[in-house]
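Asker: Input data_15.cif, format and content: mmCIF, C-alpha atoms and all ligand atoms.
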data_protein
#
loop_
_atom_site.label_atom_id
_atom_site.label_comp_id
_atom_site.auth_asym_id
_atom_site.auth_seq_id
_atom_site.Cartn_x
_atom_site.Cartn_y
_atom_site.Cartn_z
CA MET X 1 -139.90 -4.68 122.81
CA THR X 2 -137.73 -2.66 120.54
CA THR X 3 -134.03 -3.21 120.74
CA ARG X 4 -131.64 -0.28 120.67
CA GLU X 5 -130.61 -1.16 117.09
CA GLU X 6 -134.22 -1.33 115.92
CA ALA X 7 -134.90 2.04 117.54
CA ALA X 8 -131.84 3.57 115.87
CA GLU X 9 -132.93 2.19 112.50
CA ARG X 10 -136.52 3.46 112.92
CA GLY X 11 -135.21 6.83 114.13
CA LYS X 12 -133.08 7.21 111.01
CA GLN X 13 -136.00 6.20 108.81
CA LEU X 14 -138.31 8.73 110.52
CA ARG X 15 -135.79 11.55 110.25
CA GLU X 16 -135.37 10.89 106.55
CA GLU X 17 -139.12 10.69 105.97
CA ILE X 18 -139.76 13.90 107.93
CA ASP X 19 -136.97 15.72 106.07
CA HIS X 20 -138.37 14.48 102.76
CA HIS X 21 -141.90 15.70 103.54
CA THR X 22 -140.59 18.98 104.92
CA TYR X 23 -138.80 19.52 101.61
CA LEU X 24 -141.94 18.68 99.59
CA TYR X 25 -144.03 20.99 101.76
CA TYR X 26 -141.82 24.03 102.26
CA ILE X 27 -139.44 24.06 99.32
CA LEU X 28 -141.40 22.46 96.47
CA ASP X 29 -144.85 23.54 97.73
CA SER X 30 -146.30 20.12 96.89
CA PRO X 31 -147.03 18.00 99.98
CA GLU X 32 -147.78 14.33 99.53
CA ILE X 33 -149.19 13.59 102.97
CA SER X 34 -151.67 15.38 105.23
CA ASP X 35 -150.61 17.60 108.13
CA ALA X 36 -152.00 14.99 110.52
CA GLU X 37 -149.88 12.24 108.99
CA PHE X 38 -146.85 14.50 109.17
CA ASP X 39 -147.53 15.32 112.82
CA SER X 40 -147.82 11.66 113.67
CA LEU X 41 -144.37 10.96 112.15
CA VAL X 42 -142.90 13.76 114.28
CA ARG X 43 -144.67 12.46 117.37
CA GLU X 44 -143.34 8.95 116.82
CA LEU X 45 -139.81 10.31 116.48
CA GLN X 46 -140.22 12.44 119.63
CA GLU X 47 -141.37 9.41 121.62
CA LEU X 48 -138.50 7.33 120.31
CA GLU X 49 -135.98 10.03 121.22
CA GLN X 50 -137.48 10.33 124.68
CA GLU X 51 -136.86 6.65 125.23
CA TYR X 52 -133.41 6.69 123.59
CA PRO X 53 -132.07 10.26 124.06
CA GLU X 54 -128.83 9.42 122.20
CA LEU X 55 -130.93 9.24 119.00
CA ALA X 56 -131.74 12.95 119.17
CA THR X 57 -128.96 14.06 116.80
CA ARG X 58 -128.29 17.78 116.25
CA ASP X 59 -129.95 17.63 112.82
CA SER X 60 -133.04 15.79 114.03
CA PRO X 61 -136.22 17.67 113.05
CA THR X 62 -137.23 17.54 116.72
CA GLN X 63 -134.23 19.68 117.69
CA ARG X 64 -135.31 23.02 116.24
CA VAL X 65 -136.05 24.51 119.65
CA GLY X 66 -134.10 23.40 122.66
CA ALA X 67 -131.14 25.72 123.02
CA PRO X 68 -131.33 27.66 126.30
CA PRO X 69 -131.72 31.46 126.21
CA SER X 70 -128.40 33.25 125.89
CA GLU X 71 -127.09 36.42 127.50
CA ALA X 72 -125.74 37.96 124.32
CA PHE X 73 -124.82 37.07 120.76
CA ALA X 74 -121.24 36.09 119.98
CA PRO X 75 -119.61 38.01 117.12
CA ILE X 76 -118.98 36.15 113.85
CA ARG X 77 -116.59 37.61 111.33
CA HIS X 78 -117.85 37.16 107.77
CA ARG X 79 -115.58 35.29 105.32
CA SER X 80 -116.09 38.12 102.88
CA ARG X 81 -117.82 41.43 103.51
CA MET X 82 -121.62 41.49 103.33
CA LEU X 83 -122.08 44.49 101.09
CA SER X 84 -125.20 46.40 100.23
CA LEU X 85 -126.44 47.33 96.76
CA ASP X 86 -126.48 50.53 94.77
CA ASN X 87 -130.01 51.66 93.97
CA VAL X 88 -131.69 52.84 90.79
CA PHE X 89 -135.15 54.39 90.80
CA ASP X 90 -136.23 54.43 87.16
CA GLU X 91 -135.53 53.05 83.70
CA ASP X 92 -132.97 55.75 82.86
CA GLU X 93 -130.87 55.00 85.91
CA LEU X 94 -131.11 51.29 85.15
CA LYS X 95 -129.88 52.01 81.63
CA GLY X 96 -126.85 53.73 83.18
CA PHE X 97 -126.02 50.59 85.16
CA LEU X 98 -126.46 48.29 82.13
CA ASN X 99 -124.26 50.56 79.99
CA ARG X 100 -121.47 50.54 82.56
CA VAL X 101 -121.55 46.74 82.66
CA ARG X 102 -121.68 46.49 78.85
CA LYS X 103 -118.63 48.71 78.50
CA GLN X 104 -116.61 46.34 80.65
CA VAL X 105 -117.85 42.90 79.65
CA GLY X 106 -120.13 43.29 76.60
CA ASP X 107 -123.67 41.91 76.13
CA ILE X 108 -124.41 39.37 78.79
CA VAL X 109 -127.15 37.50 80.67
CA TYR X 110 -128.74 38.88 83.85
CA VAL X 111 -130.82 37.26 86.56
CA VAL X 112 -133.63 39.44 87.89
CA GLU X 113 -134.95 38.60 91.36
CA LEU X 114 -137.30 40.11 93.90
CA LYS X 115 -135.71 42.19 96.65
CA ILE X 116 -137.09 40.78 99.87
CA ASP X 117 -137.57 43.33 102.65
CA GLY X 118 -136.15 41.48 105.63
CA ALA X 119 -132.92 40.99 107.52
CA GLY X 120 -129.78 39.83 105.69
CA ILE X 121 -128.13 36.64 107.01
CA ALA X 122 -125.29 34.26 106.19
CA LEU X 123 -125.67 30.51 106.80
CA THR X 124 -122.74 28.09 106.98
CA TYR X 125 -123.09 24.35 106.29
CA GLU X 126 -120.19 22.04 107.12
CA ASP X 127 -120.28 18.64 105.39
CA GLY X 128 -123.95 19.31 104.72
CA LEU X 129 -124.88 20.09 108.33
CA PHE X 130 -126.15 23.53 109.33
CA ALA X 131 -123.26 24.73 111.51
CA TYR X 132 -123.96 28.39 112.27
CA GLY X 133 -125.60 31.54 110.99
CA ALA X 134 -124.97 35.23 111.45
CA THR X 135 -126.76 38.51 110.94
CA ARG X 136 -125.25 41.04 108.56
CA GLY X 137 -124.17 43.32 111.40
CA ASP X 138 -121.87 46.06 110.07
CA GLY X 139 -121.02 43.93 107.02
CA VAL X 140 -117.67 42.80 108.48
CA THR X 141 -118.87 41.21 111.72
CA GLY X 142 -122.35 39.88 112.42
CA GLU X 143 -124.05 38.27 115.41
CA ASP X 144 -124.27 34.53 115.98
CA VAL X 145 -128.01 33.82 115.81
CA THR X 146 -127.67 30.08 115.12
CA ALA X 147 -130.09 28.92 117.84
CA ASN X 148 -132.77 31.29 116.52
CA LEU X 149 -132.20 30.34 112.89
CA ARG X 150 -132.63 26.67 113.79
CA THR X 151 -136.27 27.40 114.69
CA ILE X 152 -137.10 28.44 111.10
CA LYS X 153 -138.91 25.53 109.49
CA THR X 154 -137.86 26.38 105.93
CA LEU X 155 -134.18 26.30 106.94
CA PRO X 156 -132.84 22.75 106.43
CA LEU X 157 -130.64 21.47 109.25
CA ARG X 158 -129.02 19.09 106.75
CA LEU X 159 -128.57 19.54 102.99
CA ARG X 160 -130.19 16.98 100.70
CA SER X 161 -127.02 15.77 99.07
CA LYS X 162 -124.90 12.62 99.15
CA GLU X 163 -121.77 14.67 98.52
CA PRO X 164 -122.30 18.12 100.01
CA PRO X 165 -119.53 20.72 99.79
CA ALA X 166 -117.12 20.58 102.75
CA VAL X 167 -118.01 24.19 103.54
CA LEU X 168 -120.88 26.15 102.05
CA GLU X 169 -121.87 29.65 103.01
CA VAL X 170 -125.13 30.94 101.54
CA ARG X 171 -126.60 34.38 101.99
CA GLY X 172 -130.19 35.47 102.01
CA GLU X 173 -132.95 37.17 103.86
CA VAL X 174 -134.96 36.24 106.94
CA PHE X 175 -138.41 37.76 106.74
CA MET X 176 -141.82 37.68 108.37
CA PRO X 177 -144.75 36.94 106.05
CA LYS X 178 -147.31 39.78 105.98
CA ARG X 179 -150.05 37.64 107.56
CA SER X 180 -147.83 36.60 110.46
CA PHE X 181 -146.83 40.23 110.98
CA LEU X 182 -150.46 41.42 111.16
CA GLU X 183 -151.37 38.56 113.48
CA LEU X 184 -148.35 39.23 115.72
CA ASN X 185 -149.22 42.92 116.02
CA ARG X 186 -152.87 42.11 116.66
CA ARG X 187 -151.81 39.88 119.57
CA ARG X 188 -149.34 42.43 120.87
CA GLN X 189 -152.00 45.11 120.80
CA GLU X 190 -154.32 42.91 122.88
CA GLU X 191 -151.51 42.37 125.35
CA GLY X 192 -150.71 46.10 125.47
CA LYS X 193 -147.21 45.55 124.05
CA PRO X 194 -145.55 47.98 121.65
CA LEU X 195 -146.29 47.23 118.00
CA PHE X 196 -143.69 46.55 115.31
CA ALA X 197 -143.59 49.27 112.65
CA ASN X 198 -143.29 46.83 109.71
CA PRO X 199 -142.51 43.20 108.88
CA ARG X 200 -138.80 44.00 108.42
CA ASN X 201 -138.47 45.31 111.99
CA ALA X 202 -140.52 42.40 113.27
CA ALA X 203 -138.21 39.94 111.46
CA ALA X 204 -135.02 41.61 112.68
CA GLY X 205 -136.38 41.85 116.24
CA SER X 206 -137.48 38.23 116.25
CA LEU X 207 -134.11 37.06 114.96
CA ARG X 208 -132.34 38.88 117.78
CA GLN X 209 -134.37 37.36 120.62
CA LEU X 210 -132.20 35.96 123.40
CA ASP X 211 -134.67 33.11 123.91
CA PRO X 212 -135.04 30.89 120.81
CA ALA X 213 -138.45 29.73 122.13
CA VAL X 214 -139.74 33.27 121.42
CA THR X 215 -138.28 33.26 117.89
CA ALA X 216 -139.89 29.86 117.30
CA GLN X 217 -143.34 31.43 117.81
CA ARG X 218 -142.73 34.25 115.35
CA ASN X 219 -143.23 32.25 112.13
CA LEU X 220 -140.13 33.52 110.36
CA ASP X 221 -139.19 32.35 106.89
CA VAL X 222 -135.96 32.53 104.92
CA LEU X 223 -135.10 32.91 101.21
CA LEU X 224 -131.52 32.35 100.03
CA TYR X 225 -130.14 34.19 97.00
CA GLU X 226 -126.34 34.34 96.98
CA LEU X 227 -123.25 32.18 97.25
CA GLY X 228 -121.03 33.40 100.06
CA HIS X 229 -118.32 30.75 99.96
CA ILE X 230 -117.92 27.19 98.72
CA ASP X 231 -115.22 24.57 99.35
CA GLY X 232 -116.27 22.29 96.56
CA GLN X 233 -117.41 22.51 92.96
CA ARG X 234 -118.36 26.12 92.16
CA PRO X 235 -121.07 26.63 89.54
CA ALA X 236 -120.28 28.86 86.56
CA GLU X 237 -123.53 30.82 86.71
CA HIS X 238 -125.67 32.34 89.41
CA HIS X 239 -128.91 30.83 88.04
CA ARG X 240 -127.27 27.40 88.22
CA PHE X 241 -126.36 28.06 91.84
CA LEU X 242 -129.97 28.99 92.63
CA GLU X 243 -131.05 25.64 91.14
CA MET X 244 -128.38 23.81 93.14
CA MET X 245 -129.55 25.44 96.36
CA LYS X 246 -133.10 24.32 95.68
CA GLU X 247 -131.92 20.75 95.04
CA TRP X 248 -130.07 20.87 98.36
CA GLY X 249 -133.36 21.76 100.04
CA LEU X 250 -132.64 25.45 100.63
CA HIS X 251 -135.56 27.85 100.24
CA VAL X 252 -135.09 29.79 97.01
CA ASN X 253 -137.49 32.23 95.37
CA ASP X 254 -138.88 30.88 92.08
CA LYS X 255 -140.07 34.34 91.10
CA ARG X 256 -137.13 35.36 88.93
CA VAL X 257 -136.19 35.58 85.25
CA LEU X 258 -133.15 35.39 83.04
CA ALA X 259 -132.93 38.52 80.90
CA THR X 260 -130.67 39.91 78.18
CA SER X 261 -132.40 43.23 77.45
CA ILE X 262 -133.64 46.24 79.38
CA GLU X 263 -137.18 45.48 78.14
CA GLU X 264 -137.13 42.04 79.76
CA ILE X 265 -135.77 43.48 82.98
CA MET X 266 -138.34 46.30 83.03
CA ASP X 267 -141.20 43.83 82.32
CA PHE X 268 -140.27 41.93 85.49
CA CYS X 269 -139.94 45.12 87.55
CA ARG X 270 -143.26 46.53 86.31
CA GLU X 271 -145.09 43.26 86.83
CA TRP X 272 -144.03 42.99 90.48
CA MET X 273 -144.42 46.68 91.20
CA GLU X 274 -148.08 46.23 90.25
CA ARG X 275 -148.53 42.85 91.87
CA ARG X 276 -146.49 43.32 95.03
CA ASP X 277 -149.63 43.22 97.17
CA ASP X 278 -150.32 39.68 95.89
CA LEU X 279 -147.07 38.43 97.42
CA PRO X 280 -147.24 36.90 100.92
CA TYR X 281 -144.12 38.88 101.94
CA GLU X 282 -142.98 42.46 101.46
CA VAL X 283 -140.59 43.39 98.68
CA ASP X 284 -138.95 46.77 98.20
CA GLY X 285 -137.66 46.27 94.69
CA ALA X 286 -136.00 43.92 92.23
CA VAL X 287 -132.32 42.99 92.08
CA ILE X 288 -130.60 42.79 88.71
CA LYS X 289 -127.50 40.57 88.80
CA VAL X 290 -124.86 39.48 86.32
CA ASP X 291 -125.35 35.73 85.81
CA GLY X 292 -121.76 34.66 85.02
CA LEU X 293 -119.65 34.31 88.16
CA GLU X 294 -116.39 34.92 86.31
CA LEU X 295 -117.82 38.07 84.74
CA ARG X 296 -118.67 39.22 88.25
CA GLU X 297 -115.03 38.86 89.25
CA ARG X 298 -113.97 40.98 86.32
CA LEU X 299 -116.45 43.69 87.32
CA GLY X 300 -115.48 43.68 91.00
CA PHE X 301 -116.68 45.99 93.75
CA THR X 302 -116.73 49.60 94.81
CA SER X 303 -116.06 50.24 98.52
CA LYS X 304 -119.74 49.77 99.26
CA ALA X 305 -121.38 47.59 96.64
CA PRO X 306 -120.73 45.14 93.82
CA ARG X 307 -120.46 46.52 90.28
CA TRP X 308 -122.25 43.40 89.03
CA ALA X 309 -125.63 44.01 90.66
CA VAL X 310 -128.07 46.81 91.29
CA ALA X 311 -131.36 47.24 93.16
CA TYR X 312 -134.30 48.68 91.23
CA LYS X 313 -136.28 50.24 94.07
CA PHE X 314 -140.08 50.23 94.10
CA PRO X 315 -141.94 53.24 95.55
CA ALA X 316 -141.53 53.21 99.35
CA GLU X 317 -144.38 51.73 101.38
CA GLU X 318 -143.28 53.81 104.33
CA LYS X 319 -143.11 57.60 104.58
CA THR X 320 -143.28 60.23 107.28
CA THR X 321 -145.94 62.92 107.34
CA ARG X 322 -147.73 65.23 109.80
CA LEU X 323 -150.80 64.36 111.86
CA LYS X 324 -153.26 67.20 111.17
CA ASP X 325 -156.16 66.06 113.34
CA ILE X 326 -157.76 63.12 115.10
CA THR X 327 -161.43 62.60 114.28
CA ILE X 328 -163.84 60.09 115.78
CA ASN X 329 -165.75 57.76 113.45
CA VAL X 330 -168.91 55.99 114.54
CA GLY X 331 -169.13 52.46 113.13
CA ARG X 332 -172.29 50.53 112.21
CA THR X 333 -172.31 48.90 115.64
CA GLY X 334 -171.84 52.24 117.38
CA ALA X 335 -168.17 51.58 118.11
CA LEU X 336 -166.07 54.76 118.19
CA THR X 337 -162.88 54.65 116.16
CA PRO X 338 -160.34 57.46 116.31
CA THR X 339 -158.96 58.24 112.86
CA ALA X 340 -155.73 60.01 111.99
CA GLU X 341 -156.20 62.85 109.49
CA LEU X 342 -152.84 63.14 107.75
CA GLU X 343 -151.03 65.60 105.54
CA PRO X 344 -151.51 63.60 102.28
CA VAL X 345 -148.46 61.52 101.52
CA PHE X 346 -147.57 59.34 98.50
CA VAL X 347 -146.72 55.92 99.86
CA GLY X 348 -146.57 52.50 98.20
CA GLY X 349 -147.98 53.80 94.94
CA SER X 350 -151.00 55.75 96.26
CA THR X 351 -151.83 58.82 98.32
CA VAL X 352 -152.80 58.27 101.94
CA SER X 353 -154.57 60.95 103.98
CA ARG X 354 -156.29 58.92 106.70
CA ALA X 355 -155.40 55.97 108.90
CA THR X 356 -157.25 54.19 111.69
CA LEU X 357 -155.92 54.60 115.21
CA HIS X 358 -158.00 51.59 116.33
CA ASN X 359 -159.20 52.81 119.77
CA ALA X 360 -158.67 55.42 122.47
CA ASP X 361 -156.28 53.19 124.45
CA GLU X 362 -154.06 52.79 121.41
CA VAL X 363 -153.98 56.59 120.94
CA LYS X 364 -152.97 57.01 124.60
CA ARG X 365 -150.40 54.21 124.46
CA LYS X 366 -148.80 55.54 121.30
CA GLY X 367 -148.91 59.03 122.76
CA VAL X 368 -149.82 60.54 119.38
CA LEU X 369 -150.57 64.24 119.43
CA ILE X 370 -151.93 66.54 116.74
CA GLY X 371 -148.99 68.15 114.97
CA ASP X 372 -146.71 65.12 115.46
CA VAL X 373 -144.58 63.73 112.66
CA VAL X 374 -145.77 60.15 112.13
CA LEU X 375 -144.56 57.15 110.16
CA VAL X 376 -147.12 55.83 107.68
CA HIS X 377 -146.65 52.21 106.68
CA LYS X 378 -148.85 50.84 103.93
CA ALA X 379 -149.62 47.14 104.24
CA GLY X 380 -151.61 45.96 101.20
CA ASP X 381 -154.57 48.03 100.06
S1 LIG L 1 -127.96 40.31 96.49
C1 LIG L 1 -123.45 42.00 97.43
N1 LIG L 1 -130.46 39.63 96.24
O1 LIG L 1 -130.97 43.88 99.95
C2 LIG L 1 -124.88 42.16 97.79
N2 LIG L 1 -129.88 41.08 98.05
O2 LIG L 1 -130.10 46.68 99.82
C3 LIG L 1 -125.65 40.96 97.36
N3 LIG L 1 -131.78 41.70 99.50
O3 LIG L 1 -127.92 43.52 101.65
C4 LIG L 1 -127.07 41.09 97.74
N4 LIG L 1 -133.31 40.54 98.42
O4 LIG L 1 -129.93 42.03 102.43
C5 LIG L 1 -129.58 40.34 96.96
N5 LIG L 1 -132.65 38.90 95.91
C6 LIG L 1 -131.77 39.61 96.61
C7 LIG L 1 -132.14 40.36 97.76
C8 LIG L 1 -131.16 41.09 98.45
C9 LIG L 1 -133.08 41.34 99.45
C10 LIG L 1 -131.18 42.60 100.52
C11 LIG L 1 -129.82 42.16 101.04
C12 LIG L 1 -128.90 43.30 100.69
C13 LIG L 1 -129.84 44.44 100.58
C14 LIG L 1 -129.26 45.57 99.77
#
Output the structure of this file as structure tokens.
Ligand code: IVH

Answerer:
Amino acid sequence: MTTREEAAERGKQLREEIDHHTYLYYILDSPEISDAEFDSLVRELQELEQEYPELATRDSPTQRVGAPPSEAFAPIRHRSRMLSLDNVFDEDELKGFLNRVRKQVGDIVYVVELKIDGAGIALTYEDGLFAYGATRGDGVTGEDVTANLRTIKTLPLRLRSKEPPAVLEVRGEVFMPKRSFLELNRRRQEEGKPLFANPRNAAAGSLRQLDPAVTAQRNLDVLLYELGHIDGQRPAEHHRFLEMMKEWGLHVNDKRVLATSIEEIMDFCREWMERRDDLPYEVDGAVIKVDGLELRERLGFTSKAPRWAVAYKFPAEEKTTRLKDITINVGRTGALTPTAELEPVFVGGSTVSRATLHNADEVKRKGVLIGDVVLVHKAGD
């Protein structure tokens, strides 16, 4: 027989162990136990919490799904505006940005990161506990999607820190990995449901589900990249803050560099423009940011975007074009596949003139007609 105290002690131990292995698995990418061993820890905790429901604390790893569906999302006003970024499209335009910064603050260090193509979010932790999270909305007010965010396995419900900041707001991107997106659309097609146009729409749609149980099945992920607000020790540099976030157990992208010259920045941009198909998620560019947080304050903002950062956009993977014809291809097995013959369009770094329409039902369901303007989305090669 376990006493209540023994159960509470074991529950605490299990929660800590599960959090530790979740961190090793999702944040550091280096698991130390097998999936089966992990599952058995979770099962033991679930059984314990069933027997002693008071042990199921809000930050327990068993509590990711459990909130009832809601009728609508409550508005959350952001502590500071969630702005967007100015874009540059080539080296010359990037040079313009770097020159403007140099004129104001001299030669400085930049952090170059990948620009994740997802949905912007702001997460607030109070005394280390995940308190609430909001979508970007119109930049001033977002929607409270806390219950849905709690279902994301890479989002820690408690920060790994003995002395967490009293209030911490971090900003980042919720996204759907490419594989999950393809799998989701494959399933939806089988079920005759409308398909998502791209992983970004799928991520945004999944985040705004009224029933968190649906979001939980969508395999969303999150990467954090900015400090929104901190009541506590503020780091002096952005790259230091990224390291701090990782130590706290927040999911941070390791694919980034510190750079002091346009050559170093362009090397990073070129590398990922070429290798973007190797990434498990979609990116639409790189973000070049001033590293020093005090320098950022000196540079300030325009009405729309910070003067201390810029997005270097990669060629779009989505373009519109005209459907010229629908032809029928006969496969090796005799299966008939309707194929869209398109007005050639340059998308995602190559020219596309044909796309599969899968089968006659899909053509009917989509209601595509010759002469229509269609959206071409390139997913990998
Ligand atoms: S920094 C003040 N870093 O791109 C703006 N944004 O087009 C600070 N995004 O609204 C944003 N990856 O939703 C930043 N590594 C990254 C990003 C990133 C994706 C999104 C973000 C932003 C949008 C601007």

Asker: With all atoms listed in the file as the counted atoms, please give the residues lying no more than 12 Å from Val310 of chain X, apart from itself and same-chain residues fewer than 3 positions off, as a PyMOL selection string.

Answerer: chain X and resi 83-90+93-98+100-101+110-115+265+285-290+301+304-307+313

Asker: Could the residues in this selection be written to a file with C-alpha atoms, as an mmCIF file, in the frame of the given file?

Answerer:
data_model
loop_
_atom_site.group_PDB
_atom_site.id
_atom_site.type_symbol
_atom_site.label_atom_id
_atom_site.label_comp_id
_atom_site.auth_asym_id
_atom_site.auth_seq_id
_atom_site.Cartn_x
_atom_site.Cartn_y
_atom_site.Cartn_z
ATOM 1 C CA LEU X 83 -122.080 44.490 101.090
ATOM 2 C CA SER X 84 -125.200 46.400 100.230
ATOM 3 C CA LEU X 85 -126.440 47.330 96.760
ATOM 4 C CA ASP X 86 -126.480 50.530 94.770
ATOM 5 C CA ASN X 87 -130.010 51.660 93.970
ATOM 6 C CA VAL X 88 -131.690 52.840 90.790
ATOM 7 C CA PHE X 89 -135.150 54.390 90.800
ATOM 8 C CA ASP X 90 -136.230 54.430 87.160
ATOM 9 C CA GLU X 93 -130.870 55.000 85.910
ATOM 10 C CA LEU X 94 -131.110 51.290 85.150
ATOM 11 C CA LYS X 95 -129.880 52.010 81.630
ATOM 12 C CA GLY X 96 -126.850 53.730 83.180
ATOM 13 C CA PHE X 97 -126.020 50.590 85.160
ATOM 14 C CA LEU X 98 -126.460 48.290 82.130
ATOM 15 C CA ARG X 100 -121.470 50.540 82.560
ATOM 16 C CA VAL X 101 -121.550 46.740 82.660
ATOM 17 C CA TYR X 110 -128.740 38.880 83.850
ATOM 18 C CA VAL X 111 -130.820 37.260 86.560
ATOM 19 C CA VAL X 112 -133.630 39.440 87.890
ATOM 20 C CA GLU X 113 -134.950 38.600 91.360
ATOM 21 C CA LEU X 114 -137.300 40.110 93.900
ATOM 22 C CA LYS X 115 -135.710 42.190 96.650
ATOM 23 C CA ILE X 265 -135.770 43.480 82.980
ATOM 24 C CA GLY X 285 -137.660 46.270 94.690
ATOM 25 C CA ALA X 286 -136.000 43.920 92.230
ATOM 26 C CA VAL X 287 -132.320 42.990 92.080
ATOM 27 C CA ILE X 288 -130.600 42.790 88.710
ATOM 28 C CA LYS X 289 -127.500 40.570 88.800
ATOM 29 C CA VAL X 290 -124.860 39.480 86.320
ATOM 30 C CA PHE X 301 -116.680 45.990 93.750
ATOM 31 C CA LYS X 304 -119.740 49.770 99.260
ATOM 32 C CA ALA X 305 -121.380 47.590 96.640
ATOM 33 C CA PRO X 306 -120.730 45.140 93.820
ATOM 34 C CA ARG X 307 -120.460 46.520 90.280
ATOM 35 C CA LYS X 313 -136.280 50.240 94.070
#

Asker: Starting from 5 Å padding per side, set up an axis-aligned box that covers all listed atoms of ligand LIG 1 (chain L) and hand over centre and edge lengths in Å, one decimal, as JSON.

Answerer:
{"center_x": -128.4, "center_y": 42.8, "center_z": 99.2, "size_x": 19.9, "size_y": 17.8, "size_z": 16.5}

Asker: In terms of the shortest atom-to-atom distance over only C-alpha atoms, which of X:Ser350, X:Ser70, X:Thr146, X:Gln189 is closest to Glu318 of chain X?

Answerer: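 Nearest to Glu318 of chain X: X:Ser350.
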
Asker: Using all atoms listed in the file - which residues lie no farther than 9 Å from the point (-128.7, 17.9, 96.3) in the file's frame? Write them as JSON, numbers by chain.

Answerer: {"X": [159, 160, 161, 162, 163, 164, 244, 245, 246, 247, 248, 249]}

Asker: As an exercise, work out the distance from atom CA of Arg365 of chain X to atom CA of Leu195 of chain X in Å and give it to one decimal place.

Answerer: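 So the answer is 10.4 Å.
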
Asker: What is the distance, in Å and to one decimal place, between atom CA of His239 of chain X and atom CA of Glu274 of chain X?

Answerer: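 Value for the atom CA of His239 of chain X-atom CA of Glu274 of chain X distance: 24.7 Å.
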
Asker: What's around His21 of chain X at 10 Å? Count all atoms listed in the file, leave out sequence neighbours fewer than 5 positions away in its own chain, and write the answer as an mmCIF file with C-alpha atoms, in the coordinates of the input.

Answerer:
data_model
loop_
_atom_site.group_PDB
_atom_site.id
_atom_site.type_symbol
_atom_site.label_atom_id
_atom_site.label_comp_id
_atom_site.auth_asym_id
_atom_site.auth_seq_id
_atom_site.Cartn_x
_atom_site.Cartn_y
_atom_site.Cartn_z
ATOM 1 C CA ARG X 15 -135.790 11.550 110.250
ATOM 2 C CA GLU X 16 -135.370 10.890 106.550
ATOM 3 C CA TYR X 26 -141.820 24.030 102.260
ATOM 4 C CA ILE X 27 -139.440 24.060 99.320
ATOM 5 C CA LEU X 28 -141.400 22.460 96.470
ATOM 6 C CA SER X 30 -146.300 20.120 96.890
ATOM 7 C CA PRO X 31 -147.030 18.000 99.980
ATOM 8 C CA GLU X 32 -147.780 14.330 99.530
ATOM 9 C CA ILE X 33 -149.190 13.590 102.970
ATOM 10 C CA SER X 34 -151.670 15.380 105.230
ATOM 11 C CA PHE X 38 -146.850 14.500 109.170
#

Asker: Have a look at X:Arg298, X:Arg234, X:Arg188, X:Arg10 and name the one nearest to Glu47 of chain X; count all atoms listed in the file.

Answerer: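 The shortest atom-to-atom distance to Glu47 of chain X comes from X:Arg10.
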
Asker: Let me make sure I understand: among X:Glu271, X:Glu91, X:Asp117, X:Glu191, which one has the smallest atom-to-atom distance to ligand LIG 1 (chain L) if we use all atoms listed in the file?

Answerer: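 Among the listed residues, X:Asp117 lies closest to ligand LIG 1 (chain L).
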
Asker: Starting from the incomplete input, reconstruct N, CA, C and O atoms of segment 208-215 of chain X and write that as a PDB file, keeping the file's coordinate frame.

Answerer:
ATOM      1  N   ARG X 208    -133.280  38.491 116.737  1.00  0.00           N
ATOM      2  CA  ARG X 208    -132.340  38.880 117.780  1.00  0.00           C
ATOM      3  C   ARG X 208    -132.925  38.674 119.184  1.00  0.00           C
ATOM      4  O   ARG X 208    -132.548  39.343 120.118  1.00  0.00           O
ATOM      5  N   GLN X 209    -133.846  37.723 119.308  1.00  0.00           N
ATOM      6  CA  GLN X 209    -134.370  37.360 120.620  1.00  0.00           C
ATOM      7  C   GLN X 209    -133.338  36.515 121.359  1.00  0.00           C
ATOM      8  O   GLN X 209    -132.739  35.621 120.763  1.00  0.00           O
ATOM      9  N   LEU X 210    -133.163  36.760 122.647  1.00  0.00           N
ATOM     10  CA  LEU X 210    -132.200  35.960 123.400  1.00  0.00           C
ATOM     11  C   LEU X 210    -132.747  34.556 123.679  1.00  0.00           C
ATOM     12  O   LEU X 210    -131.991  33.619 123.879  1.00  0.00           O
ATOM     13  N   ASP X 211    -134.071  34.424 123.667  1.00  0.00           N
ATOM     14  CA  ASP X 211    -134.670  33.110 123.910  1.00  0.00           C
ATOM     15  C   ASP X 211    -135.220  32.540 122.590  1.00  0.00           C
ATOM     16  O   ASP X 211    -136.202  33.049 122.062  1.00  0.00           O
ATOM     17  N   PRO X 212    -134.600  31.470 122.078  1.00  0.00           N
ATOM     18  CA  PRO X 212    -135.040  30.890 120.810  1.00  0.00           C
ATOM     19  C   PRO X 212    -136.511  30.444 120.840  1.00  0.00           C
ATOM     20  O   PRO X 212    -137.157  30.375 119.788  1.00  0.00           O
ATOM     21  N   ALA X 213    -137.044  30.154 122.048  1.00  0.00           N
ATOM     22  CA  ALA X 213    -138.450  29.730 122.130  1.00  0.00           C
ATOM     23  C   ALA X 213    -139.362  30.866 121.664  1.00  0.00           C
ATOM     24  O   ALA X 213    -140.445  30.625 121.120  1.00  0.00           O
ATOM     25  N   VAL X 214    -138.934  32.123 121.885  1.00  0.00           N
ATOM     26  CA  VAL X 214    -139.740  33.270 121.420  1.00  0.00           C
ATOM     27  C   VAL X 214    -139.657  33.346 119.894  1.00  0.00           C
ATOM     28  O   VAL X 214    -140.674  33.471 119.205  1.00  0.00           O
ATOM     29  N   THR X 215    -138.450  33.232 119.351  1.00  0.00           N
ATOM     30  CA  THR X 215    -138.280  33.260 117.890  1.00  0.00           C
ATOM     31  C   THR X 215    -139.140  32.178 117.231  1.00  0.00           C
ATOM     32  O   THR X 215    -139.761  32.410 116.198  1.00  0.00           O
TER      33      THR X 215
END
